[in-house]
$ cat input10.cif   # mmCIF, C-alpha atoms
data_upload
#
loop_
_atom_site.label_atom_id
_atom_site.label_comp_id
_atom_site.auth_asym_id
_atom_site.auth_seq_id
_atom_site.Cartn_x
_atom_site.Cartn_y
_atom_site.Cartn_z
CA MET A 1 116.65 104.17 80.50
CA SER A 2 112.86 104.41 80.56
CA LEU A 3 110.70 102.43 82.98
CA LEU A 4 109.50 100.26 80.10
CA GLN A 5 113.11 99.43 79.26
CA VAL A 6 113.70 98.52 82.91
CA CYS A 7 110.72 96.17 82.64
CA GLU A 8 112.09 94.64 79.43
CA ARG A 9 115.48 94.10 81.07
CA LEU A 10 113.75 92.45 84.02
CA GLU A 11 111.72 90.26 81.68
CA ALA A 12 114.93 88.98 80.07
CA THR A 13 116.40 87.82 83.39
CA ARG A 14 116.55 84.14 84.38
CA TRP A 15 114.19 84.72 87.32
CA SER A 16 111.47 86.27 85.24
CA THR A 17 111.72 83.61 82.54
CA ALA A 18 111.69 80.75 85.06
CA LEU A 19 108.59 82.15 86.78
CA ARG A 20 106.80 82.81 83.48
CA GLU A 21 107.50 79.37 82.08
CA SER A 22 106.82 77.30 85.19
CA THR A 23 103.33 75.85 85.22
CA TYR A 24 103.02 75.13 88.91
CA VAL A 25 104.98 77.93 90.57
CA TYR A 26 103.14 80.65 88.65
CA ALA A 27 99.74 79.08 89.38
CA ALA A 28 100.69 78.69 93.05
CA VAL A 29 101.75 82.33 93.36
CA GLU A 30 98.52 83.41 91.66
CA SER A 31 96.48 81.27 94.04
CA VAL A 32 98.25 82.69 97.09
CA HIS A 33 97.61 86.23 95.78
CA VAL A 34 93.87 85.55 95.37
CA LEU A 35 93.42 83.61 98.62
CA THR A 36 95.15 86.32 100.65
CA LEU A 37 92.18 88.51 99.70
CA ALA A 38 90.39 86.81 102.61
CA LEU A 39 93.17 87.52 105.11
CA PHE A 40 94.15 91.00 104.03
CA LEU A 41 91.16 92.62 102.34
CA GLY A 42 88.62 90.62 104.36
CA LEU A 43 89.92 91.95 107.66
CA VAL A 44 90.25 95.45 106.17
CA ILE A 45 86.56 95.24 105.18
CA VAL A 46 85.57 94.07 108.68
CA THR A 47 87.50 96.99 110.21
CA ASP A 48 85.97 99.46 107.74
CA LEU A 49 82.46 98.20 108.46
CA ARG A 50 83.05 98.98 112.14
CA LEU A 51 84.63 102.38 111.39
CA THR A 52 81.73 103.45 109.19
CA GLY A 53 79.23 102.16 111.75
CA LEU A 54 77.64 99.92 109.10
CA GLY A 55 78.43 96.78 111.06
CA PHE A 56 79.82 95.29 114.28
CA ARG A 57 78.37 98.18 116.28
CA GLY A 58 78.31 96.31 119.56
CA LEU A 59 82.10 95.96 119.49
CA PRO A 60 84.63 98.64 120.51
CA ALA A 61 85.99 100.16 117.28
CA GLY A 62 89.45 101.04 118.63
CA GLU A 63 89.90 97.51 119.96
CA MET A 64 88.89 95.96 116.64
CA VAL A 65 91.31 98.11 114.64
CA ALA A 66 94.14 97.43 117.09
CA ARG A 67 93.62 93.64 117.38
CA LEU A 68 93.09 92.95 113.68
CA ARG A 69 95.97 95.18 112.60
CA PRO A 70 98.79 92.61 113.01
CA TRP A 71 96.84 90.12 110.87
CA ILE A 72 96.12 92.76 108.25
CA ARG A 73 99.83 93.64 108.16
CA ALA A 74 100.82 90.00 107.75
CA GLY A 75 98.23 89.68 104.98
CA PHE A 76 99.63 92.76 103.27
CA VAL A 77 103.15 91.31 103.27
CA VAL A 78 101.90 88.10 101.58
CA MET A 79 99.74 90.09 99.14
CA ALA A 80 102.56 92.46 98.17
CA THR A 81 105.16 89.68 97.86
CA SER A 82 102.96 87.48 95.67
CA GLY A 83 101.89 90.53 93.65
CA ILE A 84 105.50 91.55 93.00
CA LEU A 85 106.30 87.98 91.91
CA LEU A 86 103.36 88.03 89.47
CA PHE A 87 104.67 91.33 88.10
CA ILE A 88 108.21 89.95 87.75
CA ALA A 89 106.86 87.08 85.63
CA GLN A 90 105.59 89.47 82.92
CA PRO A 91 106.83 92.99 83.66
CA ALA A 92 106.60 94.64 80.22
CA ALA A 93 103.09 93.44 79.33
CA THR A 94 101.85 94.31 82.82
CA PHE A 95 103.50 97.72 82.93
CA THR A 96 101.82 98.83 79.71
CA HIS A 97 98.36 97.52 80.73
CA PRO A 98 95.95 100.39 81.58
CA ALA A 99 94.29 98.30 84.32
CA PHE A 100 97.66 97.79 86.04
CA ARG A 101 98.29 101.54 86.04
CA ALA A 102 94.81 102.16 87.44
CA LYS A 103 95.51 99.56 90.10
CA LEU A 104 98.77 101.27 91.13
CA ALA A 105 97.02 104.65 91.34
CA LEU A 106 94.23 103.18 93.48
CA LEU A 107 96.76 101.37 95.69
CA SER A 108 98.53 104.67 96.38
CA LEU A 109 95.19 106.23 97.29
CA ALA A 110 94.40 103.35 99.66
CA GLY A 111 97.86 103.69 101.22
CA ALA A 112 97.51 107.46 101.67
CA ASN A 113 94.07 107.00 103.23
CA ALA A 114 95.40 104.42 105.70
CA ALA A 115 98.41 106.59 106.57
CA ILE A 116 96.23 109.67 107.20
CA PHE A 117 93.87 107.58 109.35
CA HIS A 118 96.62 106.09 111.50
CA ALA A 119 98.56 109.35 111.93
CA GLY A 120 95.37 111.32 112.57
CA ILE A 121 92.03 110.38 114.09
CA TYR A 122 93.12 106.86 115.09
CA ARG A 123 95.33 108.36 117.82
CA SER A 124 92.22 109.28 119.77
CA ALA A 125 90.72 105.77 119.42
CA PRO A 126 91.05 104.85 123.13
CA ALA A 127 88.69 107.75 123.91
CA TRP A 128 85.98 106.70 121.40
CA ASP A 129 82.65 105.66 122.83
CA PRO A 130 82.45 101.87 122.22
CA ALA A 131 78.68 101.98 121.77
CA ALA A 132 78.54 104.90 119.32
CA ALA A 133 79.70 105.32 115.73
CA PRO A 134 83.35 106.53 115.54
CA PRO A 135 84.10 110.24 114.85
CA PRO A 136 83.35 111.57 111.32
CA ALA A 137 87.02 111.50 110.19
CA ALA A 138 87.22 107.78 111.02
CA ARG A 139 83.93 107.10 109.22
CA ILE A 140 85.19 108.90 106.13
CA ALA A 141 88.42 106.87 106.23
CA GLY A 142 86.31 103.69 106.36
CA VAL A 143 84.11 104.68 103.41
CA VAL A 144 87.09 105.75 101.29
CA SER A 145 88.88 102.50 102.10
CA LEU A 146 85.88 100.33 101.12
CA ILE A 147 85.41 102.13 97.79
CA VAL A 148 89.08 102.33 96.84
CA TRP A 149 89.81 98.67 97.69
CA ALA A 150 86.82 97.55 95.62
CA GLY A 151 88.41 99.52 92.76
CA VAL A 152 91.77 97.82 93.36
CA VAL A 153 90.13 94.38 93.06
CA ALA A 154 88.26 95.37 89.88
CA ALA A 155 91.40 96.81 88.27
CA GLY A 156 93.42 93.77 89.33
CA ARG A 157 90.91 91.39 87.75
CA LEU A 158 90.99 93.37 84.49
CA ILE A 159 94.78 92.92 84.18
CA ALA A 160 94.00 89.36 83.07
CA TYR A 161 91.93 90.67 80.12
CA ASP A 162 93.32 92.13 76.92
CA PHE A 163 90.28 93.99 75.57
CA LEU A 164 91.29 97.20 77.37
CA ARG A 165 94.60 97.57 75.57
CA MET B 1 66.31 70.12 78.22
CA ASN B 2 68.50 69.47 81.25
CA PHE B 3 69.53 72.03 83.86
CA VAL B 4 73.03 72.61 82.47
CA GLU B 5 71.73 73.37 78.96
CA TRP B 6 68.97 75.52 80.40
CA CYS B 7 71.57 77.61 82.31
CA GLU B 8 73.78 77.98 79.29
CA GLN B 9 70.87 79.11 77.07
CA SER B 10 69.24 81.33 79.71
CA PRO B 11 69.15 85.11 79.07
CA ILE B 12 71.78 85.67 81.79
CA GLY B 13 74.20 83.13 80.37
CA THR B 14 73.76 84.44 76.85
CA ALA B 15 74.11 88.09 77.92
CA ILE B 16 77.36 87.39 79.79
CA ARG B 17 78.89 85.56 76.85
CA GLY B 18 77.89 88.44 74.58
CA SER B 19 79.56 91.15 76.65
CA LEU B 20 83.25 91.95 77.19
CA TRP B 21 82.70 93.64 80.55
CA ALA B 22 80.07 91.44 82.15
CA PHE B 23 82.27 88.45 83.02
CA PRO B 24 85.10 90.42 84.70
CA ALA B 25 82.50 92.60 86.46
CA VAL B 26 80.72 89.58 87.98
CA GLU B 27 84.12 88.01 88.77
CA THR B 28 85.02 91.18 90.70
CA VAL B 29 81.80 90.93 92.72
CA HIS B 30 82.61 87.26 93.38
CA LEU B 31 86.12 88.20 94.60
CA LEU B 32 84.79 91.00 96.82
CA GLY B 33 82.37 88.46 98.26
CA LEU B 34 85.32 86.12 98.83
CA ALA B 35 87.16 88.88 100.68
CA ALA B 36 84.17 89.76 102.88
CA LEU B 37 83.17 86.16 103.61
CA GLY B 38 86.79 85.13 104.13
CA GLY B 39 87.40 88.08 106.44
CA VAL B 40 84.40 87.34 108.64
CA VAL B 41 85.09 83.58 108.76
CA LEU B 42 88.77 84.19 109.47
CA MET B 43 88.06 86.65 112.26
CA LEU B 44 85.62 84.24 113.93
CA ASN B 45 88.08 81.36 113.65
CA LEU B 46 91.03 83.41 114.90
CA ARG B 47 88.86 84.32 117.87
CA LEU B 48 87.93 80.66 118.43
CA LEU B 49 91.65 79.86 118.41
CA GLY B 50 92.20 82.63 120.94
CA TRP B 51 94.56 84.54 118.61
CA THR B 52 92.70 87.83 118.37
CA LEU B 53 90.03 90.00 120.07
CA ARG B 54 90.18 87.96 123.29
CA ALA B 55 88.64 90.87 125.25
CA VAL B 56 85.46 90.64 123.16
CA PRO B 57 82.95 87.98 124.30
CA LEU B 58 82.61 85.27 121.65
CA ALA B 59 78.81 85.44 121.60
CA THR B 60 78.87 89.23 121.01
CA LEU B 61 81.32 88.85 118.12
CA ALA B 62 79.34 85.97 116.63
CA ARG B 63 76.05 87.88 116.82
CA ALA B 64 77.54 90.96 115.13
CA ALA B 65 79.22 88.84 112.44
CA ASP B 66 76.24 86.68 111.54
CA ARG B 67 74.40 88.99 109.12
CA TRP B 68 77.66 89.80 107.28
CA LEU B 69 78.52 86.13 107.04
CA VAL B 70 75.09 85.34 105.56
CA GLY B 71 75.15 88.46 103.34
CA ALA B 72 78.61 87.76 101.93
CA LEU B 73 77.70 84.11 101.33
CA ALA B 74 74.57 85.22 99.46
CA VAL B 75 76.67 87.54 97.26
CA MET B 76 79.10 84.70 96.53
CA LEU B 77 76.36 82.20 95.71
CA ALA B 78 74.48 84.65 93.47
CA SER B 79 77.57 85.87 91.58
CA GLY B 80 78.91 82.32 91.40
CA PHE B 81 75.66 81.09 89.86
CA VAL B 82 75.76 83.88 87.27
CA LEU B 83 79.35 82.91 86.36
CA PHE B 84 78.25 79.28 86.14
CA THR B 85 75.36 79.99 83.73
CA SER B 86 77.70 81.58 81.20
CA GLU B 87 79.76 78.39 80.84
CA ALA B 88 77.60 75.74 82.46
CA GLU B 89 78.55 72.86 80.17
CA ARG B 90 82.30 73.39 80.59
CA MET B 91 81.86 73.71 84.38
CA TYR B 92 79.74 70.58 84.62
CA GLY B 93 82.55 68.47 83.24
CA ASN B 94 85.28 70.25 85.22
CA ASN B 95 86.57 68.13 88.11
CA ALA B 96 87.79 71.14 90.09
CA PHE B 97 84.28 72.60 89.89
CA ARG B 98 82.75 69.35 91.14
CA LEU B 99 85.22 69.21 94.01
CA LYS B 100 84.44 72.84 94.84
CA MET B 101 80.71 72.10 95.07
CA LEU B 102 81.44 69.23 97.48
CA PHE B 103 83.65 71.44 99.67
CA LEU B 104 81.06 74.22 99.49
CA ALA B 105 78.23 71.96 100.63
CA ALA B 106 80.36 70.64 103.50
CA ALA B 107 81.54 74.15 104.50
CA VAL B 108 78.01 75.62 104.47
CA ILE B 109 76.53 72.74 106.46
CA PHE B 110 79.37 72.88 109.00
CA THR B 111 79.10 76.68 109.33
CA PHE B 112 75.38 76.69 110.08
CA THR B 113 75.40 73.68 112.41
CA ILE B 114 78.46 72.86 114.53
CA HIS B 115 80.38 76.11 113.94
CA ARG B 116 77.38 78.24 114.83
CA ARG B 117 76.63 76.20 117.96
CA VAL B 118 80.19 76.44 119.23
CA LEU B 119 80.21 80.21 118.59
CA ARG B 120 77.03 80.65 120.60
CA ALA B 121 77.87 78.25 123.41
CA ASP B 122 78.69 79.44 126.91
CA GLU B 123 82.42 80.15 126.74
CA THR B 124 83.10 79.36 130.38
CA ARG B 125 81.52 75.91 130.19
CA MET B 126 83.23 74.61 127.07
CA ASN B 127 86.61 72.95 126.75
CA PRO B 128 88.75 75.32 124.60
CA ALA B 129 89.97 72.30 122.62
CA TRP B 130 86.50 72.04 121.02
CA ARG B 131 86.67 75.66 119.95
CA ARG B 132 90.11 75.16 118.40
CA ALA B 133 89.05 71.97 116.61
CA THR B 134 85.97 73.74 115.21
CA ALA B 135 88.10 76.62 113.95
CA VAL B 136 90.56 74.26 112.26
CA VAL B 137 87.81 72.27 110.50
CA SER B 138 86.10 75.48 109.34
CA LEU B 139 89.38 76.90 108.00
CA LEU B 140 90.21 73.64 106.18
CA LEU B 141 86.76 73.41 104.56
CA TRP B 142 86.70 77.03 103.35
CA THR B 143 90.30 76.79 102.13
CA GLY B 144 89.21 73.72 100.18
CA VAL B 145 86.41 75.74 98.56
CA ALA B 146 88.78 78.56 97.61
CA LEU B 147 91.61 76.33 96.32
CA SER B 148 89.38 74.10 94.22
CA GLY B 149 87.68 77.26 92.94
CA ARG B 150 91.03 78.64 91.89
CA ALA B 151 91.81 75.37 90.15
CA ILE B 152 88.69 75.61 87.93
CA GLY B 153 90.45 78.04 85.63
CA LEU B 154 93.63 75.96 85.53
CA LEU B 155 92.05 72.67 84.42
#
$ encode --input "input10.cif" --output "structure tokens"
Amino acid sequence: MSLLQVCERLEATRWSTALRESTYVYAAVESVHVLTLALFLGLVIVTDLRLTGLGFRGLPAGEMVARLRPWIRAGFVVMATSGILLFIAQPAATFTHPAFRAKLALLSLAGANAAIFHAGIYRSAPAWDPAAAPPPAARIAGVVSLIVWAGVVAAGRLIAYDFLR
Amino acid sequence: MNFVEWCEQSPIGTAIRGSLWAFPAVETVHLLGLAALGGVVLMLNLRLLGWTLRAVPLATLARAADRWLVGALAVMLASGFVLFTSEAERMYGNNAFRLKMLFLAAAVIFTFTIHRRVLRADETRMNPAWRRATAVVSLLLWTGVALSGRAIGLL
């Protein structure tokens, strides 16, 4: 069975149909997905601004990453859950949309970047000079994160449009 | 010609309606502005509530955050105005849009008056209850802006 067939099977289930046809639940899930941008992506952006040295220079970078991380994680859970629900509502049409595929590719990049950062240079964060810009590897992670997440938002917005198909 | 018609017939409004990419591109900028503004506002309010970054002095955090708060708000207002010009007449009659403008005015005024004062006040001399109340009001007002904004497309 191909992935598209899996999506079609999913689309035929009661859950998918109920979500697709409900006016309020679908709109509510969509709203949660958009509003969580502030919680999840907003705090990621704040962290990245500090990592790149573009902003929040007077604050200790390691401390900022560590203290905002639980909130970013919580935001990610809400973002991912609401995103999966939106996918379940229209799996086949979403799966074949080029913008959705671009979004998945960019999400994997963002995930890989975060994983490399946390397993690598972030381990030395307690030793970073609070007044200076973080080490080059951390600055690169911040720049990559800012660019890739902007791409995720752009691709996500385009899923709502059909002119790309 | 009134303001709404002028917006709708302006070169920006006409150009956006005439392009497939322009509207989603400006929407993306608006959403990135939402993320940045929301992130900064949320961080400040979580700090006011005492739920994060307690080791960082409030005044230091507020000073570092200020330019990003103002910058992100400017991006949101500019991109929001461009989106408005492309469908000004429909927006003008949209109740969610009207509600959003009310929330926005209240949120902006609150942010640059009471919120800012509480952020800059001497932490040791202020009752923490005032800080918490300020954070709650700020969060409610900005959530109102975002929710009524989301509702524009649904009405």
$ interface_residues --input "input10.cif" --of "chain A" --to "chain B" --cutoff "8 Å" --atoms "all atoms listed in the file" --output "PDB file with C-alpha atoms, keeping the file's coordinate frame"
ATOM      1  CA  ALA A  27      99.740  79.080  89.380  1.00  0.00           C
ATOM      2  CA  SER A  31      96.480  81.270  94.040  1.00  0.00           C
ATOM      3  CA  LEU A  35      93.420  83.610  98.620  1.00  0.00           C
ATOM      4  CA  LEU A  37      92.180  88.510  99.700  1.00  0.00           C
ATOM      5  CA  ALA A  38      90.390  86.810 102.610  1.00  0.00           C
ATOM      6  CA  LEU A  39      93.170  87.520 105.110  1.00  0.00           C
ATOM      7  CA  PHE A  40      94.150  91.000 104.030  1.00  0.00           C
ATOM      8  CA  LEU A  41      91.160  92.620 102.340  1.00  0.00           C
ATOM      9  CA  GLY A  42      88.620  90.620 104.360  1.00  0.00           C
ATOM     10  CA  LEU A  43      89.920  91.950 107.660  1.00  0.00           C
ATOM     11  CA  VAL A  44      90.250  95.450 106.170  1.00  0.00           C
ATOM     12  CA  ILE A  45      86.560  95.240 105.180  1.00  0.00           C
ATOM     13  CA  VAL A  46      85.570  94.070 108.680  1.00  0.00           C
ATOM     14  CA  GLY A  55      78.430  96.780 111.060  1.00  0.00           C
ATOM     15  CA  PHE A  56      79.820  95.290 114.280  1.00  0.00           C
ATOM     16  CA  ARG A  57      78.370  98.180 116.280  1.00  0.00           C
ATOM     17  CA  GLY A  58      78.310  96.310 119.560  1.00  0.00           C
ATOM     18  CA  LEU A  59      82.100  95.960 119.490  1.00  0.00           C
ATOM     19  CA  GLU A  63      89.900  97.510 119.960  1.00  0.00           C
ATOM     20  CA  MET A  64      88.890  95.960 116.640  1.00  0.00           C
ATOM     21  CA  ARG A  67      93.620  93.640 117.380  1.00  0.00           C
ATOM     22  CA  LEU A  68      93.090  92.950 113.680  1.00  0.00           C
ATOM     23  CA  ALA A 150      86.820  97.550  95.620  1.00  0.00           C
ATOM     24  CA  VAL A 153      90.130  94.380  93.060  1.00  0.00           C
ATOM     25  CA  ALA A 154      88.260  95.370  89.880  1.00  0.00           C
ATOM     26  CA  ARG A 157      90.910  91.390  87.750  1.00  0.00           C
ATOM     27  CA  LEU A 158      90.990  93.370  84.490  1.00  0.00           C
ATOM     28  CA  PHE A 163      90.280  93.990  75.570  1.00  0.00           C
TER      29      PHE A 163
END
$ closest_residue --input "input10.cif" --among "B:Ser19, B:Thr85, B:Thr113, B:Asn45" --to "B:Ala135" --atoms "all atoms listed in the file"
B:Asn45
$ axis_aligned_box --input "input10.cif" --around "stretch 88-91 of chain A" --padding-each-side "6 Å" --output "AutoDock Vina command-line options"
--center_x 106.9 --center_y 90.0 --center_z 85.3 --size_x 14.6 --size_y 17.9 --size_z 16.8
$ residues_near_point --input "input10.cif" --point "(112.8, 95.7, 79.5)" --cutoff "12 Å" --atoms "all atoms listed in the file" --output "PyMOL selection string"
chain A and resi 1-13+16+88+90-96
$ atom_distance --input "input10.cif" --atom1 "atom CA of A:Val65" --atom2 "atom CA of A:Ile147"
18.3 Å
$ atom_distance --input "input10.cif" --atom1 "atom CA of A:Gly53" --atom2 "atom CA of A:Ala112"
21.5 Å
$ build_atoms --input "input10.cif" --residues "stretch 83-109 of chain B" --atoms "N, CA, C and O atoms" --output "PDB file, in the coordinates of the input"
ATOM      1  N   LEU B  83      78.153  83.344  87.084  1.00  0.00           N
ATOM      2  CA  LEU B  83      79.350  82.910  86.360  1.00  0.00           C
ATOM      3  C   LEU B  83      79.147  81.510  85.779  1.00  0.00           C
ATOM      4  O   LEU B  83      79.536  81.224  84.643  1.00  0.00           O
ATOM      5  N   PHE B  84      78.504  80.658  86.570  1.00  0.00           N
ATOM      6  CA  PHE B  84      78.250  79.280  86.140  1.00  0.00           C
ATOM      7  C   PHE B  84      77.367  79.239  84.893  1.00  0.00           C
ATOM      8  O   PHE B  84      77.653  78.504  83.951  1.00  0.00           O
ATOM      9  N   THR B  85      76.299  80.054  84.864  1.00  0.00           N
ATOM     10  CA  THR B  85      75.360  79.990  83.730  1.00  0.00           C
ATOM     11  C   THR B  85      76.055  80.297  82.408  1.00  0.00           C
ATOM     12  O   THR B  85      75.671  79.766  81.374  1.00  0.00           O
ATOM     13  N   SER B  86      77.084  81.174  82.452  1.00  0.00           N
ATOM     14  CA  SER B  86      77.700  81.580  81.200  1.00  0.00           C
ATOM     15  C   SER B  86      78.554  80.472  80.591  1.00  0.00           C
ATOM     16  O   SER B  86      78.855  80.502  79.406  1.00  0.00           O
ATOM     17  N   GLU B  87      78.967  79.506  81.394  1.00  0.00           N
ATOM     18  CA  GLU B  87      79.760  78.390  80.840  1.00  0.00           C
ATOM     19  C   GLU B  87      79.411  77.093  81.559  1.00  0.00           C
ATOM     20  O   GLU B  87      80.294  76.352  81.994  1.00  0.00           O
ATOM     21  N   ALA B  88      78.093  76.859  81.654  1.00  0.00           N
ATOM     22  CA  ALA B  88      77.600  75.740  82.460  1.00  0.00           C
ATOM     23  C   ALA B  88      78.128  74.385  81.983  1.00  0.00           C
ATOM     24  O   ALA B  88      78.517  73.550  82.798  1.00  0.00           O
ATOM     25  N   GLU B  89      78.154  74.176  80.662  1.00  0.00           N
ATOM     26  CA  GLU B  89      78.550  72.860  80.170  1.00  0.00           C
ATOM     27  C   GLU B  89      80.010  72.550  80.474  1.00  0.00           C
ATOM     28  O   GLU B  89      80.352  71.450  80.894  1.00  0.00           O
ATOM     29  N   ARG B  90      80.881  73.578  80.292  1.00  0.00           N
ATOM     30  CA  ARG B  90      82.300  73.390  80.590  1.00  0.00           C
ATOM     31  C   ARG B  90      82.481  73.126  82.091  1.00  0.00           C
ATOM     32  O   ARG B  90      83.245  72.257  82.493  1.00  0.00           O
ATOM     33  N   MET B  91      81.760  73.879  82.925  1.00  0.00           N
ATOM     34  CA  MET B  91      81.860  73.710  84.380  1.00  0.00           C
ATOM     35  C   MET B  91      81.411  72.320  84.823  1.00  0.00           C
ATOM     36  O   MET B  91      82.039  71.691  85.653  1.00  0.00           O
ATOM     37  N   TYR B  92      80.315  71.861  84.212  1.00  0.00           N
ATOM     38  CA  TYR B  92      79.740  70.580  84.620  1.00  0.00           C
ATOM     39  C   TYR B  92      80.751  69.444  84.472  1.00  0.00           C
ATOM     40  O   TYR B  92      80.814  68.537  85.292  1.00  0.00           O
ATOM     41  N   GLY B  93      81.576  69.531  83.456  1.00  0.00           N
ATOM     42  CA  GLY B  93      82.550  68.470  83.240  1.00  0.00           C
ATOM     43  C   GLY B  93      83.886  68.723  83.916  1.00  0.00           C
ATOM     44  O   GLY B  93      84.806  67.917  83.815  1.00  0.00           O
ATOM     45  N   ASN B  94      83.998  69.857  84.614  1.00  0.00           N
ATOM     46  CA  ASN B  94      85.280  70.250  85.220  1.00  0.00           C
ATOM     47  C   ASN B  94      85.392  69.643  86.625  1.00  0.00           C
ATOM     48  O   ASN B  94      84.568  69.902  87.503  1.00  0.00           O
ATOM     49  N   ASN B  95      86.447  68.823  86.829  1.00  0.00           N
ATOM     50  CA  ASN B  95      86.570  68.130  88.110  1.00  0.00           C
ATOM     51  C   ASN B  95      86.828  69.071  89.283  1.00  0.00           C
ATOM     52  O   ASN B  95      86.382  68.814  90.400  1.00  0.00           O
ATOM     53  N   ALA B  96      87.547  70.173  89.024  1.00  0.00           N
ATOM     54  CA  ALA B  96      87.790  71.140  90.090  1.00  0.00           C
ATOM     55  C   ALA B  96      86.464  71.770  90.531  1.00  0.00           C
ATOM     56  O   ALA B  96      86.229  72.006  91.719  1.00  0.00           O
ATOM     57  N   PHE B  97      85.584  72.034  89.553  1.00  0.00           N
ATOM     58  CA  PHE B  97      84.280  72.600  89.890  1.00  0.00           C
ATOM     59  C   PHE B  97      83.468  71.635  90.744  1.00  0.00           C
ATOM     60  O   PHE B  97      82.861  72.026  91.738  1.00  0.00           O
ATOM     61  N   ARG B  98      83.502  70.361  90.361  1.00  0.00           N
ATOM     62  CA  ARG B  98      82.750  69.350  91.140  1.00  0.00           C
ATOM     63  C   ARG B  98      83.281  69.261  92.565  1.00  0.00           C
ATOM     64  O   ARG B  98      82.510  69.219  93.529  1.00  0.00           O
ATOM     65  N   LEU B  99      84.607  69.273  92.684  1.00  0.00           N
ATOM     66  CA  LEU B  99      85.220  69.210  94.010  1.00  0.00           C
ATOM     67  C   LEU B  99      84.823  70.445  94.827  1.00  0.00           C
ATOM     68  O   LEU B  99      84.517  70.368  96.020  1.00  0.00           O
ATOM     69  N   LYS B 100      84.806  71.609  94.146  1.00  0.00           N
ATOM     70  CA  LYS B 100      84.440  72.840  94.840  1.00  0.00           C
ATOM     71  C   LYS B 100      83.021  72.756  95.395  1.00  0.00           C
ATOM     72  O   LYS B 100      82.759  73.172  96.521  1.00  0.00           O
ATOM     73  N   MET B 101      82.098  72.211  94.609  1.00  0.00           N
ATOM     74  CA  MET B 101      80.710  72.100  95.070  1.00  0.00           C
ATOM     75  C   MET B 101      80.617  71.191  96.297  1.00  0.00           C
ATOM     76  O   MET B 101      79.841  71.451  97.215  1.00  0.00           O
ATOM     77  N   LEU B 102      81.437  70.121  96.319  1.00  0.00           N
ATOM     78  CA  LEU B 102      81.440  69.230  97.480  1.00  0.00           C
ATOM     79  C   LEU B 102      81.951  69.960  98.716  1.00  0.00           C
ATOM     80  O   LEU B 102      81.344  69.920  99.787  1.00  0.00           O
ATOM     81  N   PHE B 103      83.092  70.664  98.559  1.00  0.00           N
ATOM     82  CA  PHE B 103      83.650  71.440  99.670  1.00  0.00           C
ATOM     83  C   PHE B 103      82.654  72.497 100.134  1.00  0.00           C
ATOM     84  O   PHE B 103      82.473  72.736 101.326  1.00  0.00           O
ATOM     85  N   LEU B 104      82.000  73.151  99.162  1.00  0.00           N
ATOM     86  CA  LEU B 104      81.060  74.220  99.490  1.00  0.00           C
ATOM     87  C   LEU B 104      79.896  73.679 100.325  1.00  0.00           C
ATOM     88  O   LEU B 104      79.530  74.261 101.353  1.00  0.00           O
ATOM     89  N   ALA B 105      79.335  72.551  99.882  1.00  0.00           N
ATOM     90  CA  ALA B 105      78.230  71.960 100.630  1.00  0.00           C
ATOM     91  C   ALA B 105      78.675  71.623 102.052  1.00  0.00           C
ATOM     92  O   ALA B 105      77.992  71.954 103.032  1.00  0.00           O
ATOM     93  N   ALA B 106      79.846  71.008 102.175  1.00  0.00           N
ATOM     94  CA  ALA B 106      80.360  70.640 103.500  1.00  0.00           C
ATOM     95  C   ALA B 106      80.599  71.887 104.349  1.00  0.00           C
ATOM     96  O   ALA B 106      80.231  71.932 105.535  1.00  0.00           O
ATOM     97  N   ALA B 107      81.211  72.928 103.752  1.00  0.00           N
ATOM     98  CA  ALA B 107      81.540  74.150 104.500  1.00  0.00           C
ATOM     99  C   ALA B 107      80.274  74.852 104.976  1.00  0.00           C
ATOM    100  O   ALA B 107      80.193  75.311 106.121  1.00  0.00           O
ATOM    101  N   VAL B 108      79.254  74.937 104.101  1.00  0.00           N
ATOM    102  CA  VAL B 108      78.010  75.620 104.470  1.00  0.00           C
ATOM    103  C   VAL B 108      77.299  74.861 105.585  1.00  0.00           C
ATOM    104  O   VAL B 108      76.879  75.452 106.586  1.00  0.00           O
ATOM    105  N   ILE B 109      77.206  73.540 105.429  1.00  0.00           N
ATOM    106  CA  ILE B 109      76.530  72.740 106.460  1.00  0.00           C
ATOM    107  C   ILE B 109      77.258  72.884 107.803  1.00  0.00           C
ATOM    108  O   ILE B 109      76.650  73.149 108.841  1.00  0.00           O
TER     109      ILE B 109
END
